>>> print(open('my_file.txt').read())   # compact mmCIF, C-alpha atoms
# COMPACT_ATOMS: atom_id res chain seq x y z
CA MET A 1 73.24 106.78 87.48
CA ALA A 2 73.43 103.03 88.01
CA LYS A 3 71.79 101.27 90.93
CA GLU A 4 74.09 101.10 93.93
CA VAL A 5 74.61 97.79 95.68
CA ARG A 6 75.04 97.77 99.48
CA PRO A 7 78.60 96.50 100.02
CA LYS A 8 79.26 92.98 101.26
CA CYS A 9 82.51 91.51 102.58
CA ALA A 10 84.67 90.12 99.79
CA TYR A 11 85.57 87.12 101.95
CA CYS A 12 82.33 86.02 103.64
CA ASP A 13 79.43 87.92 102.02
CA ARG A 14 78.36 89.53 105.34
CA PRO A 15 77.61 93.27 105.29
CA ALA A 16 80.84 95.20 104.88
CA GLU A 17 81.96 97.63 107.54
CA TYR A 18 85.13 98.93 105.85
CA LEU A 19 86.70 99.63 102.51
CA GLU A 20 90.13 97.99 102.40
CA TYR A 21 91.84 100.91 100.63
CA TRP A 22 95.06 100.27 98.70
CA ASP A 23 94.98 103.26 96.36
CA ASP A 24 97.37 105.25 98.57
CA CYS A 25 100.16 102.84 97.61
CA GLY A 26 99.19 102.62 93.95
CA PHE A 27 97.03 99.49 93.92
CA ALA A 28 93.46 100.74 93.53
CA GLU A 29 92.56 97.45 91.85
CA TRP A 30 93.09 95.72 95.24
CA ASP A 31 90.42 97.80 97.01
CA GLU A 32 87.60 95.68 98.40
CA TRP A 33 84.90 95.67 101.05
CA VAL A 34 85.52 93.80 104.31
CA CYS A 35 83.67 93.06 107.55
CA ALA A 36 85.33 93.77 110.92
CA GLU A 37 86.49 90.17 111.31
CA HIS A 38 88.22 90.09 107.94
CA LYS A 39 89.70 93.55 108.49
CA GLU A 40 91.60 92.06 111.44
CA ALA A 41 92.58 89.00 109.39
CA VAL A 42 94.01 91.21 106.63
CA ILE A 43 96.00 93.23 109.17
CA GLU A 44 97.38 90.06 110.78
CA ARG A 45 98.30 88.57 107.40
CA GLN A 46 100.05 91.73 106.26
CA ARG A 47 101.96 92.08 109.54
CA ALA A 48 103.02 88.42 109.46
CA HIS A 49 104.62 88.99 106.06
CA ARG A 50 105.89 92.46 106.99
CA HIS A 51 103.90 93.98 104.16
CA HIS A 52 102.12 97.30 103.90
CA ILE A 53 98.86 97.50 105.87
CA PRO A 54 96.14 99.22 103.85
CA GLU A 55 93.92 101.96 105.16
CA PHE A 56 90.47 100.83 106.32
CA ILE A 57 87.76 103.41 105.70
CA PRO A 58 84.34 102.95 107.35
CA VAL A 59 81.60 102.29 104.79
CA ASP A 60 79.73 105.52 105.60
CA GLU A 61 82.86 107.56 104.83
CA ALA A 62 83.93 105.51 101.81
CA LEU A 63 80.64 105.60 99.90
CA PRO A 64 80.54 109.39 99.29
CA ARG A 65 84.21 109.36 98.19
CA LEU A 66 83.59 106.49 95.80
CA ARG A 67 80.46 108.13 94.37
CA ARG A 68 82.43 111.27 93.54
CA ARG A 69 85.18 109.22 91.88
CA ALA A 70 82.69 107.05 90.00
CA GLU A 71 80.84 110.07 88.63
CA VAL A 72 84.02 111.23 86.90
CA GLY A 73 84.65 107.82 85.37
CA ASP A 74 86.87 105.98 87.87
CA HIS A 75 86.21 102.35 86.93
CA TYR A 76 87.58 100.97 90.22
CA ALA A 77 85.10 103.12 92.15
CA ARG A 78 82.30 102.08 89.78
CA ARG A 79 83.15 98.40 90.38
CA LEU A 80 83.14 98.83 94.18
CA LEU A 81 79.77 100.57 94.03
CA GLY A 82 78.32 97.81 91.86
CA TRP A 83 77.79 100.19 88.93
CA GLU A 84 79.71 97.90 86.55
>>> encode(input="my_file.txt", output="C-alpha cells")
Amino acid sequence: MAKEVRPKCAYCDRPAEYLEYWDDCGFAEWDEWVCAEHKEAVIERQRAHRHHIPEFIPVDEALPRLRRRAEVGDHYARRLLGWE
C-alpha cells in the first residue's frame, strides 16, 4: 500500500476539513479536498450560478471510503489519497 498523504485544501494548502464530493452527479474527477472557508466559497459560487452544490464529506468519514475504493483500483480515490 502506498504512503497516504494528509489532505490539504486544493485552494490554500491549509489542512482540509472536507472532501468536495462530485461523484454523485457523475464527476468524480472534480472531487477535491477543501478547508471550511473554501467549502463556503464553493457553495456560494455554485448558488450564484444556480449550479449543483456538491456533497461535503468530513475528512474523517471520507478517508475510509476512499481507502476502500482505492484498494479496488479506483484511480480518483488513489489520487485523492496521494497514492498516485
>>> atom_distance(input="my_file.txt", atom1="atom CA of Leu66 of chain A", atom2="atom CA of Arg50 of chain A")
28.6 Å
>>> closest_residue(input="my_file.txt", among="A:Ile57, A:Arg14, A:Ala70, A:Arg47", to="Glu84 of chain A", atoms="all atoms listed in the file")
A:Ala70
>>> closest_residue(input="my_file.txt", among="A:Asp23, A:Val59, A:Ala41, A:Glu32", to="Leu80 of chain A", atoms="all atoms listed in the file")
A:Glu32
>>> residues_around(input="my_file.txt", residues="Glu37 of chain A", least_positions_apart="2", cutoff="12 Å", atoms="all atoms listed in the file", output="list in words")
Cys9, Ala10, Tyr11, Cys12, Asp13, Arg14, Pro15, Ala16, Glu17, Tyr18, Trp33, Val34, Cys35, Lys39, Glu40, Ala41, Val42, Ile43 and Glu44 of chain A
>>> closest_residue(input="my_file.txt", among="A:Ala62, A:Ala36, A:Lys8, A:Gly26", to="Ala77 of chain A", atoms="only C-alpha atoms")
A:Ala62
>>> residues_around(input="my_file.txt", residues="Leu81 of chain A", least_positions_apart="3", cutoff="8 Å", atoms="all atoms listed in the file", output="short mmCIF file (atom, residue, chain, number, x, y, z; two decimals) with C-alpha atoms, keeping the file's coordinate frame")
data_model
loop_
_atom_site.label_atom_id
_atom_site.label_comp_id
_atom_site.auth_asym_id
_atom_site.auth_seq_id
_atom_site.Cartn_x
_atom_site.Cartn_y
_atom_site.Cartn_z
CA GLU A 4 74.09 101.10 93.93
CA VAL A 5 74.61 97.79 95.68
CA ARG A 6 75.04 97.77 99.48
CA PRO A 7 78.60 96.50 100.02
CA LEU A 63 80.64 105.60 99.90
CA LEU A 66 83.59 106.49 95.80
CA ARG A 67 80.46 108.13 94.37
CA ALA A 77 85.10 103.12 92.15
CA ARG A 78 82.30 102.08 89.78
CA GLU A 84 79.71 97.90 86.55
#
>>> atom_distance(input="my_file.txt", atom1="atom CA of Ile53 of chain A", atom2="atom CA of Glu20 of chain A")
9.4 Å
>>> closest_residue(input="my_file.txt", among="A:Asp60, A:Trp83, A:His49, A:Arg68", to="Leu19 of chain A", atoms="only C-alpha atoms")
A:Asp60
>>> atom_distance(input="my_file.txt", atom1="atom CA of Arg79 of chain A", atom2="atom CA of Pro54 of chain A")
18.7 Å
>>> closest_residue(input="my_file.txt", among="A:Arg45, A:Tyr76, A:Pro64, A:Gly82", to="Phe27 of chain A", atoms="all atoms listed in the file")
A:Tyr76
>>> closest_residue(input="my_file.txt", among="A:Ala48, A:Phe56, A:Asp74, A:His38", to="Asp24 of chain A", atoms="all atoms listed in the file")
A:Phe56
>>> decode(input="my_file.txt", residues="segment 8-50 of chain A", atoms="N, CA and C atoms", output="mmCIF file, in the first residue's frame")
data_model
loop_
_atom_site.group_PDB
_atom_site.id
_atom_site.type_symbol
_atom_site.label_atom_id
_atom_site.label_comp_id
_atom_site.auth_asym_id
_atom_site.auth_seq_id
_atom_site.Cartn_x
_atom_site.Cartn_y
_atom_site.Cartn_z
ATOM 1 N N LYS A 8 -4.776 18.283 2.121
ATOM 2 C CA LYS A 8 -4.683 19.745 2.237
ATOM 3 C C LYS A 8 -5.697 20.360 1.282
ATOM 4 N N CYS A 9 -6.152 21.553 1.613
ATOM 5 C CA CYS A 9 -7.120 22.265 0.785
ATOM 6 C C CYS A 9 -6.533 22.503 -0.606
ATOM 7 N N ALA A 10 -7.325 22.246 -1.617
ATOM 8 C CA ALA A 10 -6.891 22.434 -3.002
ATOM 9 C C ALA A 10 -6.695 23.901 -3.353
ATOM 10 N N TYR A 11 -7.275 24.798 -2.567
ATOM 11 C CA TYR A 11 -7.221 26.226 -2.874
ATOM 12 C C TYR A 11 -6.157 26.990 -2.094
ATOM 13 N N CYS A 12 -5.893 26.576 -0.837
ATOM 14 C CA CYS A 12 -4.995 27.383 0.000
ATOM 15 C C CYS A 12 -3.907 26.587 0.703
ATOM 16 N N ASP A 13 -3.906 25.275 0.569
ATOM 17 C CA ASP A 13 -2.884 24.412 1.159
ATOM 18 C C ASP A 13 -2.979 24.274 2.682
ATOM 19 N N ARG A 14 -4.053 24.790 3.302
ATOM 20 C CA ARG A 14 -4.285 24.539 4.731
ATOM 21 C C ARG A 14 -4.811 23.111 4.887
ATOM 22 N N PRO A 15 -4.801 22.568 6.095
ATOM 23 C CA PRO A 15 -5.368 21.232 6.287
ATOM 24 C C PRO A 15 -6.835 21.193 5.834
ATOM 25 N N ALA A 16 -7.164 20.164 5.098
ATOM 26 C CA ALA A 16 -8.534 20.017 4.603
ATOM 27 C C ALA A 16 -9.446 19.537 5.721
ATOM 28 N N GLU A 17 -10.687 19.981 5.651
ATOM 29 C CA GLU A 17 -11.697 19.538 6.606
ATOM 30 C C GLU A 17 -12.797 18.736 5.925
ATOM 31 N N TYR A 18 -12.888 18.866 4.588
ATOM 32 C CA TYR A 18 -13.955 18.198 3.838
ATOM 33 C C TYR A 18 -13.447 17.680 2.502
ATOM 34 N N LEU A 19 -14.118 16.650 2.023
ATOM 35 C CA LEU A 19 -13.963 16.217 0.646
ATOM 36 C C LEU A 19 -15.121 16.822 -0.131
ATOM 37 N N GLU A 20 -14.806 17.638 -1.113
ATOM 38 C CA GLU A 20 -15.822 18.188 -2.023
ATOM 39 C C GLU A 20 -16.136 17.051 -2.989
ATOM 40 N N TYR A 21 -17.310 16.432 -2.825
ATOM 41 C CA TYR A 21 -17.641 15.163 -3.471
ATOM 42 C C TYR A 21 -18.625 15.365 -4.615
ATOM 43 N N TRP A 22 -18.143 15.152 -5.836
ATOM 44 C CA TRP A 22 -18.954 15.343 -7.042
ATOM 45 C C TRP A 22 -19.399 14.029 -7.674
ATOM 46 N N ASP A 23 -18.930 12.917 -7.158
ATOM 47 C CA ASP A 23 -19.180 11.631 -7.803
ATOM 48 C C ASP A 23 -20.669 11.314 -7.917
ATOM 49 N N ASP A 24 -21.478 11.819 -6.992
ATOM 50 C CA ASP A 24 -22.912 11.532 -7.029
ATOM 51 C C ASP A 24 -23.600 12.111 -8.262
ATOM 52 N N CYS A 25 -22.965 13.072 -8.926
ATOM 53 C CA CYS A 25 -23.551 13.607 -10.164
ATOM 54 C C CYS A 25 -22.683 13.250 -11.374
ATOM 55 N N GLY A 26 -21.794 12.275 -11.200
ATOM 56 C CA GLY A 26 -21.037 11.749 -12.325
ATOM 57 C C GLY A 26 -19.724 12.438 -12.636
ATOM 58 N N PHE A 27 -19.204 13.225 -11.715
ATOM 59 C CA PHE A 27 -17.960 13.951 -11.977
ATOM 60 C C PHE A 27 -16.915 13.654 -10.903
ATOM 61 N N ALA A 28 -16.575 12.403 -10.733
ATOM 62 C CA ALA A 28 -15.596 12.017 -9.710
ATOM 63 C C ALA A 28 -14.263 12.723 -9.901
ATOM 64 N N GLU A 29 -13.947 13.078 -11.133
ATOM 65 C CA GLU A 29 -12.669 13.757 -11.392
ATOM 66 C C GLU A 29 -12.629 15.159 -10.789
ATOM 67 N N TRP A 30 -13.777 15.699 -10.376
ATOM 68 C CA TRP A 30 -13.831 17.030 -9.756
ATOM 69 C C TRP A 30 -13.652 16.984 -8.243
ATOM 70 N N ASP A 31 -13.673 15.801 -7.654
ATOM 71 C CA ASP A 31 -13.511 15.678 -6.202
ATOM 72 C C ASP A 31 -12.198 16.313 -5.771
ATOM 73 N N GLU A 32 -12.245 17.045 -4.662
ATOM 74 C CA GLU A 32 -11.019 17.623 -4.114
ATOM 75 C C GLU A 32 -11.228 17.946 -2.645
ATOM 76 N N TRP A 33 -10.113 18.117 -1.951
ATOM 77 C CA TRP A 33 -10.132 18.457 -0.535
ATOM 78 C C TRP A 33 -10.284 19.956 -0.367
ATOM 79 N N VAL A 34 -11.070 20.374 0.639
ATOM 80 C CA VAL A 34 -11.246 21.801 0.914
ATOM 81 C C VAL A 34 -11.269 22.058 2.422
ATOM 82 N N CYS A 35 -10.843 23.263 2.800
ATOM 83 C CA CYS A 35 -10.961 23.714 4.188
ATOM 84 C C CYS A 35 -12.377 24.277 4.368
ATOM 85 N N ALA A 36 -12.739 24.618 5.589
ATOM 86 C CA ALA A 36 -14.086 25.137 5.862
ATOM 87 C C ALA A 36 -14.356 26.436 5.107
ATOM 88 N N GLU A 37 -13.366 27.312 5.045
ATOM 89 C CA GLU A 37 -13.543 28.591 4.350
ATOM 90 C C GLU A 37 -13.835 28.385 2.861
ATOM 91 N N HIS A 38 -13.097 27.486 2.232
ATOM 92 C CA HIS A 38 -13.306 27.270 0.803
ATOM 93 C C HIS A 38 -14.541 26.414 0.519
ATOM 94 N N LYS A 39 -14.968 25.631 1.490
ATOM 95 C CA LYS A 39 -16.253 24.933 1.352
ATOM 96 C C LYS A 39 -17.353 25.968 1.152
ATOM 97 N N GLU A 40 -17.361 26.987 2.014
ATOM 98 C CA GLU A 40 -18.384 28.038 1.913
ATOM 99 C C GLU A 40 -18.260 28.807 0.601
ATOM 100 N N ALA A 41 -17.041 29.048 0.151
ATOM 101 C CA ALA A 41 -16.832 29.760 -1.117
ATOM 102 C C ALA A 41 -17.370 28.951 -2.293
ATOM 103 N N VAL A 42 -17.163 27.640 -2.272
ATOM 104 C CA VAL A 42 -17.679 26.777 -3.345
ATOM 105 C C VAL A 42 -19.202 26.814 -3.348
ATOM 106 N N ILE A 43 -19.801 26.718 -2.171
ATOM 107 C CA ILE A 43 -21.265 26.752 -2.074
ATOM 108 C C ILE A 43 -21.803 28.071 -2.618
ATOM 109 N N GLU A 44 -21.201 29.179 -2.211
ATOM 110 C CA GLU A 44 -21.642 30.495 -2.700
ATOM 111 C C GLU A 44 -21.504 30.603 -4.216
ATOM 112 N N ARG A 45 -20.371 30.141 -4.740
ATOM 113 C CA ARG A 45 -20.140 30.202 -6.191
ATOM 114 C C ARG A 45 -21.184 29.374 -6.942
ATOM 115 N N GLN A 46 -21.433 28.177 -6.460
ATOM 116 C CA GLN A 46 -22.396 27.306 -7.132
ATOM 117 C C GLN A 46 -23.810 27.890 -7.061
ATOM 118 N N ARG A 47 -24.181 28.419 -5.921
ATOM 119 C CA ARG A 47 -25.507 29.042 -5.784
ATOM 120 C C ARG A 47 -25.645 30.249 -6.697
ATOM 121 N N ALA A 48 -24.605 31.071 -6.774
ATOM 122 C CA ALA A 48 -24.646 32.280 -7.605
ATOM 123 C C ALA A 48 -24.905 31.946 -9.068
ATOM 124 N N HIS A 49 -24.406 30.800 -9.501
ATOM 125 C CA HIS A 49 -24.587 30.381 -10.894
ATOM 126 C C HIS A 49 -25.746 29.398 -11.057
ATOM 127 N N ARG A 50 -26.432 29.141 -9.948
ATOM 128 C CA ARG A 50 -27.548 28.186 -9.929
ATOM 129 C C ARG A 50 -27.135 26.804 -10.422
#
